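K.L.:
Pasting upload.cif here (mmCIF, C-alpha atoms):
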data_coords
#
loop_
_atom_site.label_atom_id
_atom_site.label_comp_id
_atom_site.auth_asym_id
_atom_site.auth_seq_id
_atom_site.Cartn_x
_atom_site.Cartn_y
_atom_site.Cartn_z
CA MET F 825 9.94 11.54 -8.89
CA ALA F 826 8.00 9.81 -6.14
CA ALA F 827 10.94 10.30 -3.76
CA TYR F 828 10.86 14.02 -4.48
CA LYS F 829 7.10 14.05 -3.92
CA ALA F 830 7.87 12.90 -0.36
CA ILE F 831 9.36 16.37 0.19
CA GLU F 832 6.06 17.88 -0.94
CA ILE F 833 4.26 15.69 1.59
CA LEU F 834 6.56 17.06 4.29
CA ARG F 835 5.81 20.64 3.19
CA GLU F 836 2.05 20.02 3.26
CA LEU F 837 2.21 18.47 6.73
CA ARG F 838 4.27 21.39 8.02
CA LYS F 839 1.68 23.81 6.59
CA GLU F 840 -0.89 21.97 8.70
CA GLY F 841 1.27 22.58 11.77
CA LYS F 842 2.35 18.95 12.14
CA LYS F 843 5.77 17.92 13.41
CA VAL F 844 7.50 15.41 11.15
CA GLN F 845 10.47 13.14 11.63
CA VAL F 846 11.87 11.30 8.61
CA ILE F 847 13.45 7.88 8.13
CA LEU F 848 15.39 7.37 4.89
CA THR F 849 16.19 3.83 3.81
CA LYS F 850 19.40 3.11 1.89
CA ALA F 851 17.35 2.89 -1.30
CA ALA F 852 15.76 6.28 -0.60
CA GLU F 853 19.19 7.87 -0.11
CA LYS F 854 20.08 6.92 -3.69
CA PHE F 855 17.39 9.37 -4.84
CA ILE F 856 17.26 12.08 -2.20
CA THR F 857 19.32 13.42 0.71
CA LYS F 858 18.87 14.14 4.40
CA LEU F 859 19.54 17.82 3.72
CA SER F 860 16.49 18.10 1.46
CA PHE F 861 14.17 17.16 4.34
CA GLU F 862 16.12 19.06 6.99
CA SER F 863 15.96 22.23 4.88
CA LEU F 864 12.18 22.01 4.61
CA GLY F 865 11.30 21.63 8.26
CA ALA F 866 11.74 18.01 9.32
CA GLU F 867 12.35 17.78 13.07
CA LYS F 868 15.01 15.12 12.56
CA VAL F 869 16.08 12.88 9.69
CA PHE F 870 17.30 9.34 10.39
CA THR F 871 18.98 6.79 8.14
CA ASP F 872 19.84 3.12 8.48
CA ASP F 873 23.11 4.20 10.09
CA ASP F 874 21.00 5.21 13.11
CA GLN F 875 19.36 1.81 13.51
CA PHE F 876 21.32 0.85 16.64
CA SER F 877 21.59 4.32 18.19
CA VAL F 878 19.67 5.65 21.20
CA ASP F 879 17.99 8.95 22.04
CA GLU F 880 18.99 11.36 24.81
CA LYS F 881 17.18 9.18 27.36
CA GLY F 882 18.99 6.03 26.28
CA VAL F 883 15.95 4.58 24.46
CA SER F 884 16.54 2.81 21.16
CA ILE F 885 15.67 5.06 18.24
CA HIS F 886 13.07 2.70 16.74
CA LEU F 887 11.23 2.57 20.09
CA SER F 888 11.55 6.31 20.59
CA LEU F 889 10.20 7.11 17.12
CA SER F 890 7.28 4.68 17.41
CA ARG F 891 6.20 6.26 20.71
CA TRP F 892 6.66 9.84 19.50
CA ALA F 893 4.58 9.58 16.33
CA ASP F 894 0.79 9.81 16.07
CA CYS F 895 1.05 7.79 12.86
CA ILE F 896 3.59 6.41 10.39
CA LEU F 897 3.45 7.14 6.67
CA ILE F 898 5.57 5.18 4.18
CA ALA F 899 5.67 7.15 0.93
CA PRO F 900 6.67 6.06 -1.60
CA ALA F 901 6.41 2.39 -0.65
CA SER F 902 8.04 -0.19 -2.93
CA ALA F 903 6.93 -3.79 -3.45
CA ASP F 904 10.02 -4.79 -1.48
CA ILE F 905 9.14 -2.82 1.67
CA ILE F 906 5.51 -4.03 1.52
CA ALA F 907 6.65 -7.66 1.27
CA LYS F 908 9.08 -7.24 4.15
CA ILE F 909 6.44 -5.68 6.41
CA LYS F 910 4.10 -8.56 5.61
CA ALA F 911 6.85 -11.06 6.47
CA GLY F 912 7.80 -9.26 9.70
CA ILE F 913 11.36 -8.59 8.52
CA SER F 914 13.15 -5.88 10.48
CA ASP F 915 16.55 -5.39 8.86
CA ASN F 916 16.52 -1.58 8.75
CA LEU F 917 15.36 1.33 10.92
CA LEU F 918 12.07 1.84 9.09
CA LEU F 919 11.07 -1.80 9.41
CA THR F 920 11.98 -2.05 13.10
CA THR F 921 9.99 1.13 13.79
CA VAL F 922 6.96 -0.23 11.92
CA LEU F 923 7.18 -3.62 13.63
CA VAL F 924 7.24 -2.13 17.14
CA SER F 925 4.62 0.58 16.52
CA LYS F 926 1.04 0.45 17.81
CA LYS F 927 0.05 3.62 15.95
CA PRO F 928 -1.85 3.88 12.64
CA ILE F 929 0.34 2.97 9.65
CA PHE F 930 -0.30 4.41 6.18
CA ILE F 931 1.35 2.93 3.10
CA ALA F 932 1.36 4.76 -0.24
CA PRO F 933 2.57 2.30 -2.92
CA CYS F 934 4.55 3.43 -5.94
CA MET F 935 5.88 1.00 -8.54
CA ASN F 936 5.42 -0.25 -12.09
CA GLU F 937 1.86 -1.35 -12.85
CA ASN F 938 2.95 -4.95 -13.54
CA MET F 939 4.64 -5.11 -10.15
CA LEU F 940 1.63 -3.54 -8.38
CA GLN F 941 -0.75 -6.00 -10.04
CA ASN F 942 1.48 -9.03 -9.51
CA PRO F 943 -0.53 -11.57 -7.48
CA ILE F 944 2.24 -11.67 -4.86
CA THR F 945 2.02 -7.90 -4.29
CA VAL F 946 -1.78 -8.00 -4.36
CA ASP F 947 -1.81 -10.77 -1.73
CA ASN F 948 0.69 -8.89 0.45
CA ILE F 949 -1.42 -5.73 0.35
CA GLU F 950 -4.66 -7.58 1.11
CA TYR F 951 -2.99 -9.37 4.03
CA LEU F 952 -1.74 -6.11 5.53
CA LYS F 953 -5.14 -4.44 5.08
CA LYS F 954 -6.59 -7.18 7.30
CA LYS F 955 -4.00 -6.15 9.92
CA ASP F 956 -5.49 -2.62 9.88
CA ILE F 957 -2.71 -1.07 7.82
CA ILE F 958 -4.18 1.70 5.68
CA PHE F 959 -3.22 1.69 2.02
CA ILE F 960 -3.35 4.90 0.01
CA LYS F 961 -4.07 3.55 -3.45
CA ALA F 962 -1.66 4.36 -6.26
CA ASP F 963 -2.66 6.90 -8.89
CA GLU F 964 -2.93 6.35 -12.63
CA GLY F 965 -0.75 8.20 -15.12
CA LEU F 966 2.57 8.18 -16.97
CA LEU F 967 4.99 5.73 -15.36
CA ALA F 968 8.80 5.58 -15.42
CA ASP F 969 8.80 3.45 -18.59
CA PHE F 970 6.72 6.16 -20.37
CA ARG F 971 3.65 3.95 -20.41
CA THR F 972 0.36 4.98 -18.86
CA GLY F 973 -0.84 2.79 -16.02
CA LYS F 974 -1.58 2.52 -12.33
CA GLY F 975 1.38 2.79 -10.01
CA ARG F 976 2.18 6.47 -9.52
CA LEU F 977 2.41 7.86 -6.01
CA GLN F 978 -0.89 9.43 -5.03
CA ASP F 979 -1.10 13.24 -5.08
CA PRO F 980 0.75 14.64 -2.00
CA HIS F 981 -2.11 16.99 -1.13
CA LYS F 982 -4.61 14.11 -1.11
CA ILE F 983 -2.26 11.98 1.01
CA VAL F 984 -1.94 14.73 3.61
CA GLU F 985 -5.68 15.44 3.55
CA LEU F 986 -6.41 11.77 4.26
CA ILE F 987 -3.95 11.64 7.17
CA ILE F 988 -5.16 14.91 8.73
CA ASN F 989 -8.79 13.77 8.48
CA TYR F 990 -7.92 10.38 9.95
CA LEU F 991 -6.20 12.00 12.94
CA ASN F 992 -8.99 14.57 13.39
CA TYR F 993 -11.65 11.84 13.54
CA SER F 994 -9.82 9.62 15.99
CA ASP F 995 -13.05 7.86 17.04
CA LYS F 996 -13.36 5.18 14.37
CA LEU F 997 -17.13 4.94 14.75
CA LEU F 998 -17.67 3.28 11.38
CA LYS F 999 -14.85 0.77 11.48
CA GLY F 1000 -15.92 -2.48 9.85
CA LYS F 1001 -18.84 -0.89 8.00
CA LYS F 1002 -19.10 -0.95 4.20
CA LEU F 1003 -20.59 2.31 2.91
CA LEU F 1004 -21.90 2.87 -0.61
CA ILE F 1005 -22.22 6.60 -1.33
CA THR F 1006 -23.52 8.34 -4.45
CA ALA F 1007 -22.76 11.94 -5.42
CA GLY F 1008 -23.09 14.51 -8.16
CA ALA F 1009 -25.49 15.07 -11.05
CA THR F 1010 -26.36 12.71 -13.88
CA ARG F 1011 -26.77 13.77 -17.51
CA GLU F 1012 -29.44 12.85 -20.04
CA TYR F 1013 -28.49 13.55 -23.64
CA LEU F 1014 -30.69 15.14 -26.29
CA ASP F 1015 -28.06 14.59 -28.98
CA PRO F 1016 -24.30 13.84 -28.96
CA VAL F 1017 -23.41 17.28 -27.49
CA ARG F 1018 -26.45 18.58 -25.59
CA PHE F 1019 -27.85 17.23 -22.36
CA ILE F 1020 -30.21 17.87 -19.44
CA THR F 1021 -28.69 18.04 -15.97
CA ASN F 1022 -28.91 19.98 -12.70
CA SER F 1023 -26.60 22.17 -10.63
CA SER F 1024 -25.47 19.58 -8.08
CA SER F 1025 -21.73 19.95 -7.40
CA GLY F 1026 -21.19 16.64 -5.61
CA LYS F 1027 -19.62 18.45 -2.63
CA MET F 1028 -21.97 16.89 -0.10
CA GLY F 1029 -21.50 13.32 -1.30
CA THR F 1030 -17.73 13.60 -1.60
CA SER F 1031 -17.53 15.21 1.85
CA ILE F 1032 -19.47 12.28 3.32
CA ALA F 1033 -17.15 9.83 1.54
CA LYS F 1034 -14.04 11.63 2.84
CA VAL F 1035 -15.25 11.78 6.46
CA ALA F 1036 -16.59 8.20 6.39
CA LYS F 1037 -13.17 6.98 5.28
CA ALA F 1038 -11.56 8.94 8.11
CA MET F 1039 -14.01 7.33 10.54
CA GLY F 1040 -12.79 3.87 9.57
CA ALA F 1041 -15.38 2.76 6.99
CA TYR F 1042 -14.81 0.97 3.70
CA VAL F 1043 -16.07 3.53 1.19
CA HIS F 1044 -17.32 2.93 -2.36
CA LEU F 1045 -18.26 6.18 -4.13
CA ILE F 1046 -20.33 6.27 -7.32
CA SER F 1047 -20.72 9.71 -8.84
CA GLY F 1048 -22.04 11.57 -11.81
CA GLU F 1049 -20.59 14.93 -12.79
CA ILE F 1050 -18.92 16.71 -9.85
CA SER F 1051 -17.08 20.02 -9.48
CA THR F 1052 -14.79 18.92 -6.68
CA ASN F 1053 -11.92 16.48 -6.23
CA VAL F 1054 -12.54 12.82 -5.52
CA PRO F 1055 -11.01 12.03 -2.09
CA ILE F 1056 -8.83 8.99 -1.44
CA ILE F 1057 -11.30 6.19 -0.74
CA ASP F 1058 -11.46 2.44 -1.33
CA LYS F 1059 -13.31 2.40 -4.65
CA TYR F 1060 -14.56 5.05 -7.08
CA GLN F 1061 -16.82 4.70 -10.11
CA GLY F 1062 -17.77 7.53 -12.44
CA VAL F 1063 -21.09 7.32 -14.30
CA GLU F 1064 -22.96 9.65 -16.61
CA THR F 1065 -26.66 8.85 -17.02
CA THR F 1066 -29.27 7.94 -14.41
CA GLU F 1067 -29.53 4.45 -15.94
CA GLU F 1068 -25.78 4.00 -15.52
CA MET F 1069 -25.97 5.16 -11.90
CA LEU F 1070 -28.84 2.76 -11.22
CA LYS F 1071 -26.93 -0.18 -12.73
CA ALA F 1072 -23.70 0.58 -10.83
CA THR F 1073 -25.47 1.29 -7.55
CA LYS F 1074 -27.69 -1.78 -7.78
CA GLU F 1075 -24.66 -4.02 -8.25
CA ALA F 1076 -22.64 -2.38 -5.44
CA PHE F 1077 -25.69 -2.36 -3.12
CA LYS F 1078 -25.40 -6.15 -2.79
CA LYS F 1079 -22.07 -5.83 -0.97
CA CYS F 1080 -22.66 -2.80 1.26
CA ASP F 1081 -24.03 -2.40 4.78
CA ILE F 1082 -25.18 1.20 4.33
CA LEU F 1083 -26.29 3.24 1.32
CA ILE F 1084 -26.08 7.04 1.45
CA MET F 1085 -27.80 8.39 -1.65
CA ALA F 1086 -26.45 11.96 -1.91
CA ALA F 1087 -26.46 12.10 -5.72
CA ALA F 1088 -28.91 14.22 -7.70
CA PRO F 1089 -30.03 11.98 -10.59
CA VAL F 1090 -31.91 13.78 -13.34
CA ASP F 1091 -35.61 12.98 -13.07
CA PHE F 1092 -36.45 13.23 -16.79
CA LYS F 1093 -34.85 12.32 -20.10
CA PRO F 1094 -35.79 12.90 -23.74
CA GLU F 1095 -38.09 10.25 -25.15
CA LYS F 1096 -35.85 10.12 -28.21
CA ILE F 1097 -32.13 10.85 -28.49
CA SER F 1098 -30.89 12.22 -31.79
CA ILE F 1099 -27.84 10.38 -33.16
CA SER F 1100 -26.60 13.64 -34.74
CA LYS F 1101 -26.50 17.22 -33.49
CA ILE F 1102 -29.95 18.81 -33.64
CA PRO F 1103 -29.85 21.88 -35.96
CA LYS F 1104 -30.36 25.25 -34.29
CA SER F 1105 -33.91 26.62 -34.68
CA LYS F 1106 -36.16 29.25 -33.13
CA GLU F 1107 -38.03 26.62 -31.17
CA MET F 1108 -37.92 22.91 -30.49
CA LYS F 1109 -40.54 20.64 -29.02
CA LEU F 1110 -39.11 18.14 -26.57
CA LYS F 1111 -41.01 15.26 -25.01
CA LEU F 1112 -39.55 14.06 -21.70
CA ILE F 1113 -40.14 10.81 -19.88
CA GLN F 1114 -39.20 9.76 -16.34
CA THR F 1115 -35.83 8.25 -15.54
CA PRO F 1116 -35.64 5.31 -13.11
CA ASP F 1117 -36.09 6.12 -9.41
CA ILE F 1118 -32.88 4.69 -7.94
CA LEU F 1119 -33.88 4.84 -4.28
CA TRP F 1120 -37.28 3.30 -4.91
CA SER F 1121 -35.71 0.51 -6.98
CA LEU F 1122 -33.17 -0.32 -4.27
CA SER F 1123 -35.68 -0.15 -1.43
CA LYS F 1124 -37.31 -3.32 -2.77
CA GLU F 1125 -34.01 -5.17 -2.16
CA LYS F 1126 -33.15 -3.48 1.11
CA GLY F 1127 -33.34 -6.37 3.56
CA ASN F 1128 -31.32 -5.49 6.69
CA LYS F 1129 -29.30 -2.74 5.01
CA VAL F 1130 -29.53 0.86 6.20
CA VAL F 1131 -30.61 3.43 3.63
CA VAL F 1132 -29.97 7.16 3.96
CA GLY F 1133 -31.39 9.54 1.37
CA PHE F 1134 -31.64 13.27 0.67
CA ALA F 1135 -34.80 15.25 0.01
CA LEU F 1136 -34.25 18.52 -1.83
CA GLN F 1137 -37.37 20.65 -1.46
CA THR F 1138 -38.39 24.21 -2.29
CA GLU F 1139 -41.44 24.24 0.02
CA HIS F 1140 -42.97 22.26 2.89
CA LEU F 1141 -39.49 20.97 3.65
CA GLU F 1142 -40.12 18.74 6.67
CA GLU F 1143 -43.49 17.41 5.48
CA ASN F 1144 -42.18 16.42 2.05
CA ALA F 1145 -38.96 14.94 3.43
CA LEU F 1146 -40.84 12.71 5.88
CA LYS F 1147 -43.21 11.64 3.11
CA LYS F 1148 -40.25 10.72 0.89
CA MET F 1149 -38.63 8.73 3.71
CA ASP F 1150 -41.80 6.67 4.11
CA GLU F 1151 -42.44 6.16 0.38
CA LYS F 1152 -38.87 5.03 -0.33
CA ASN F 1153 -38.38 2.93 2.78
CA MET F 1154 -35.47 5.01 4.11
CA ASP F 1155 -34.07 4.77 7.61
CA ILE F 1156 -32.78 8.34 7.60
CA VAL F 1157 -33.66 11.31 5.40
CA ILE F 1158 -31.67 14.54 5.07
CA ALA F 1159 -33.88 17.49 4.14
CA ASN F 1160 -32.26 20.43 2.38
CA ARG F 1161 -33.22 23.38 0.19
CA GLU F 1162 -32.12 24.36 -3.31
CA ILE F 1163 -30.00 27.22 -1.91
CA ASN F 1164 -27.52 24.60 -0.65
CA ILE F 1165 -26.73 23.33 -4.16
CA GLY F 1166 -23.16 23.97 -5.25
CA LYS F 1167 -22.27 25.86 -2.08
CA ASP F 1168 -19.51 25.07 0.43
CA ILE F 1169 -21.85 25.89 3.33
CA GLY F 1170 -25.35 24.58 3.92
CA SER F 1171 -28.17 23.84 6.34
CA VAL F 1172 -30.01 20.52 6.71
CA ILE F 1173 -32.57 18.79 8.90
CA MET F 1174 -32.05 15.10 9.66
CA PHE F 1175 -34.85 12.68 10.56
CA ASP F 1176 -34.80 8.96 11.26
CA LYS F 1177 -37.73 6.57 11.05
CA PHE F 1178 -38.05 6.42 14.84
CA GLY F 1179 -38.73 10.14 15.21
CA ARG F 1180 -35.32 11.59 15.99
CA LYS F 1181 -34.63 15.00 14.46
CA LYS F 1182 -31.54 17.20 14.27
CA ASN F 1183 -30.94 20.60 12.68
CA ILE F 1184 -27.60 21.76 11.27
CA GLU F 1185 -27.45 25.45 10.38
CA ASN F 1186 -24.92 27.25 8.15
CA GLU F 1187 -22.01 24.84 8.45
CA LYS F 1188 -19.31 23.72 6.04
CA LYS F 1189 -20.32 20.60 4.17
CA GLU F 1190 -17.54 18.58 5.76
CA VAL F 1191 -18.99 19.49 9.19
CA ILE F 1192 -22.47 18.52 7.95
CA ALA F 1193 -21.04 15.23 6.67
CA HIS F 1194 -19.60 14.47 10.11
CA GLU F 1195 -22.91 15.29 11.79
CA ILE F 1196 -24.78 13.05 9.33
CA LEU F 1197 -22.44 10.15 10.09
CA ILE F 1198 -22.73 10.70 13.86
CA PHE F 1199 -26.53 10.70 13.46
CA LEU F 1200 -26.19 7.49 11.44
CA LYS F 1201 -23.96 5.87 14.07
CA GLU F 1202 -26.45 6.74 16.81
CA PHE F 1203 -29.17 5.15 14.70
CA LEU F 1204 -27.08 1.99 14.31
CA ALA F 1205 -26.41 1.91 18.05
CA GLY F 1206 -29.95 2.41 19.27
CA GLY F 1207 -32.33 3.61 16.61
CA LYS F 1208 -32.85 0.16 15.10
CA ASN F 1209 -34.34 -0.86 18.44
CA GLY F 1210 -36.68 2.10 18.40
CA LYS F 1211 -34.69 4.19 20.87
CA LYS F 1212 -34.68 7.97 20.47
#
Show me this structure written as structure tokens.

P.N.:
Amino acid sequence: MAAYKAIEILRELRKEGKKVQVILTKAAEKFITKLSFESLGAEKVFTDDDQFSVDEKGVSIHLSLSRWADCILIAPASADIIAKIKAGISDNLLLTTVLVSKKPIFIAPCMNENMLQNPITVDNIEYLKKKDIIFIKADEGLLADFRTGKGRLQDPHKIVELIINYLNYSDKLLKGKKLLITAGATREYLDPVRFITNSSSGKMGTSIAKVAKAMGAYVHLISGEISTNVPIIDKYQGVETTEEMLKATKEAFKKCDILIMAAAPVDFKPEKISISKIPKSKEMKLKLIQTPDILWSLSKEKGNKVVVGFALQTEHLEENALKKMDEKNMDIVIANREINIGKDIGSVIMFDKFGRKKNIENEKKEVIAHEILIFLKEFLAGGKNGKK
């Protein structure tokens, strides 16, 4: 099935207007044919029989392909091909092309969970990550042996989205940085079925995570309830309550360079939670108490880390945002209004602690995410020294 999903990846790339050439290994040909890819728009399809052939200019095919491509995607990638790349083996056309290429290389593993989690495979993947090869983590679901586990090929649409974003943001401004990002709304339960929450969709936080990954960062996303897809990133954790978000974020904060707190934790929770469903009545008195302030809690452990927070306000936008930045020891604050919640388009004002300010009006949230990260990079480059 993963081999057939490779055709879907080709279709998605062609929809994006990208030219695609395909290399089929001998193992791949046992599952799928050249004609399948040729029929769906591949420029050319090569097999191992072409390994020692040349192009029209007399250049060896593996050299020609490596120079032609903007990037190389191996999908699905077996444990065998990963091990051979790590060892520098070049006994087929794909491996010789990878070995000679200086372009970005994406690997999307697909194999049985036991094979994926085998220490040998884990070590091979970690080694290649250190060589700047980008791994598209395997998905979880029903495997070939009818057991549920991790090892399925990632969703073709998400794979293509990651590659397109990576190529669009060719300036890897955040390479080497570890970003912790929070997104979405938390929930505070009244009883087993009812809860207090807010209308945050998580679109802003997930957009920042997606763009940060494309800009070369290591991205750890912690989110409450969201109404959008989780992008392909390095690590994802789902939480429910504000306490759970605080605990997860506090632990992850120790290992990050930068925190971007885009989540909308619920500010209040019931003083008492009923262990059974509360009977319906004409009225109910509910006493609420404050939930933990995540940003304030983390600011006490900030050290040299950079903290970016959001300030959702209904009035006195700039004044209240700047006040919040000072009170919670932020380096950058993003001020926005309630009309942005849940929408695909928004407007924000960015401030840093050295007085820089930037307005973004009526843009898609992915564009806003990119502008936030550029503003952050400029802060890292000069703002920490007080430069505006």

K.L.:
Please write the residues picked by the PyMOL selection byres ((chain F and resi 977) around 8) on this file as a VMD selection string.

P.N.:
chain F and resid 826 899 to 900 932 to 934 962 to 963 975 to 976 978 to 979

K.L.:
Rank F:Lys1074, F:Lys1059, F:Lys839, F:Arg1180 by their smallest atom-to-atom distance to Gly1206 (chain F), using only C-alpha atoms, and report the top residue only.

P.N.:
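Selected residue with least distance to Gly1206 (chain F): F:Arg1180.
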
K.L.:
Under the rule that only C-alpha atoms are counted, which of F:Leu1197, F:Leu1083, F:Leu1146, F:Val1090 is the nearest residue to Ile1113 (chain F)?

P.N.:
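Of the candidates, the smallest distance to Ile1113 (chain F) is held by F:Val1090.
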
K.L.:
Give me the residues within 12 Å of region 875-880 of chain F as a list in words, counting only C-alpha atoms and dropping any in the same chain fewer than 5 places off.

P.N.:
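Final neighbour list, sorted by chain and number: Ile847, Leu848, Thr849, Lys850, Lys868, Phe870, Ile885, His886, Leu887, Ser888, Leu889, Trp892, Ser914, Asp915, Asn916, Leu917, Leu918, Leu919, Thr920 and Thr921 of chain F.
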
K.L.:
Residues proximal to (-13.9, 10.9, 11.1) were defined as those with any atom within 9 Å of that point in the file's coordinates, counting all atoms listed in the file. Which are they, as JSON, numbers by chain?

P.N.:
{"F": [989, 990, 991, 992, 993, 994, 995, 996, 997, 998, 1034, 1035, 1036, 1037, 1038, 1039, 1040, 1194, 1197]}

K.L.:
Please provide the set of residues having any atom within 12 Å of Leu1200 (chain F), restricted to all atoms listed in the file, with same-chain residues fewer than 6 positions apart removed, written as a compact mmCIF listing (two decimals) with C-alpha atoms, in the coordinates of the input.

P.N.:
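Output saved as result36.txt:
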# COMPACT_ATOMS: atom_id res chain seq x y z
CA LEU F 997 -17.13 4.94 14.75
CA LEU F 998 -17.67 3.28 11.38
CA LYS F 1001 -18.84 -0.89 8.00
CA LEU F 1003 -20.59 2.31 2.91
CA ILE F 1032 -19.47 12.28 3.32
CA ALA F 1036 -16.59 8.20 6.39
CA ILE F 1082 -25.18 1.20 4.33
CA LEU F 1083 -26.29 3.24 1.32
CA ILE F 1084 -26.08 7.04 1.45
CA VAL F 1130 -29.53 0.86 6.20
CA VAL F 1131 -30.61 3.43 3.63
CA VAL F 1132 -29.97 7.16 3.96
CA GLY F 1133 -31.39 9.54 1.37
CA ASP F 1155 -34.07 4.77 7.61
CA ILE F 1156 -32.78 8.34 7.60
CA VAL F 1157 -33.66 11.31 5.40
CA ILE F 1158 -31.67 14.54 5.07
CA MET F 1174 -32.05 15.10 9.66
CA PHE F 1175 -34.85 12.68 10.56
CA ASP F 1176 -34.80 8.96 11.26
CA LYS F 1177 -37.73 6.57 11.05
CA ARG F 1180 -35.32 11.59 15.99
CA LYS F 1181 -34.63 15.00 14.46
CA LYS F 1182 -31.54 17.20 14.27
CA ALA F 1193 -21.04 15.23 6.67
CA HIS F 1194 -19.60 14.47 10.11
CA GLY F 1206 -29.95 2.41 19.27
CA GLY F 1207 -32.33 3.61 16.61
CA LYS F 1208 -32.85 0.16 15.10

K.L.:
How big is the axis-aligned box around the listed atoms of region 1120-1135 of chain F once 8 Å is added on each side, and where is its centre? Give both in Å to one decimal, as AutoDock Vina command-line options.

P.N.:
--center_x -33.3 --center_y 4.4 --center_z -0.1 --size_x 24.0 --size_y 37.6 --size_z 29.7

K.L.:
Just give me the residues with any atom within 12 Å of (0.7, -9.4, 1.8), file coordinates, counting only C-alpha atoms, written as an MDAnalysis selection string.

P.N.:
chainID F and resid 903:912 940 942:955 957 959

K.L.:
Step by step, work through what the PyMOL selection byres ((chain F and resi 1012) around 7) selects in the shown file, and finish by giving those residues as a PyMOL selection string.

P.N.:
chain F and resi 1010-1011+1013-1014+1019-1021+1065+1093

K.L.:
Which one of F:Met1108, F:Glu1064, F:Trp1120, F:Arg1161 sits closest to Lys1148 (chain F) if you count all atoms listed in the file?

P.N.:
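Counting all atoms listed in the file, the residue closest to Lys1148 (chain F) is F:Trp1120.
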
K.L.:
Between F:Ile831, F:Val883, F:Ala1007, F:Ala852, single out the one closest to Leu864 (chain F), counting all atoms listed in the file.

P.N.:
F:Ile831

K.L.:
If I take CA of Thr1073 (chain F) and CA of Phe1203 (chain F), how far is one from the other in Å, to one decimal?

P.N.:
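Calculated distance between CA of Thr1073 (chain F) and CA of Phe1203 (chain F) is 22.9 Å.
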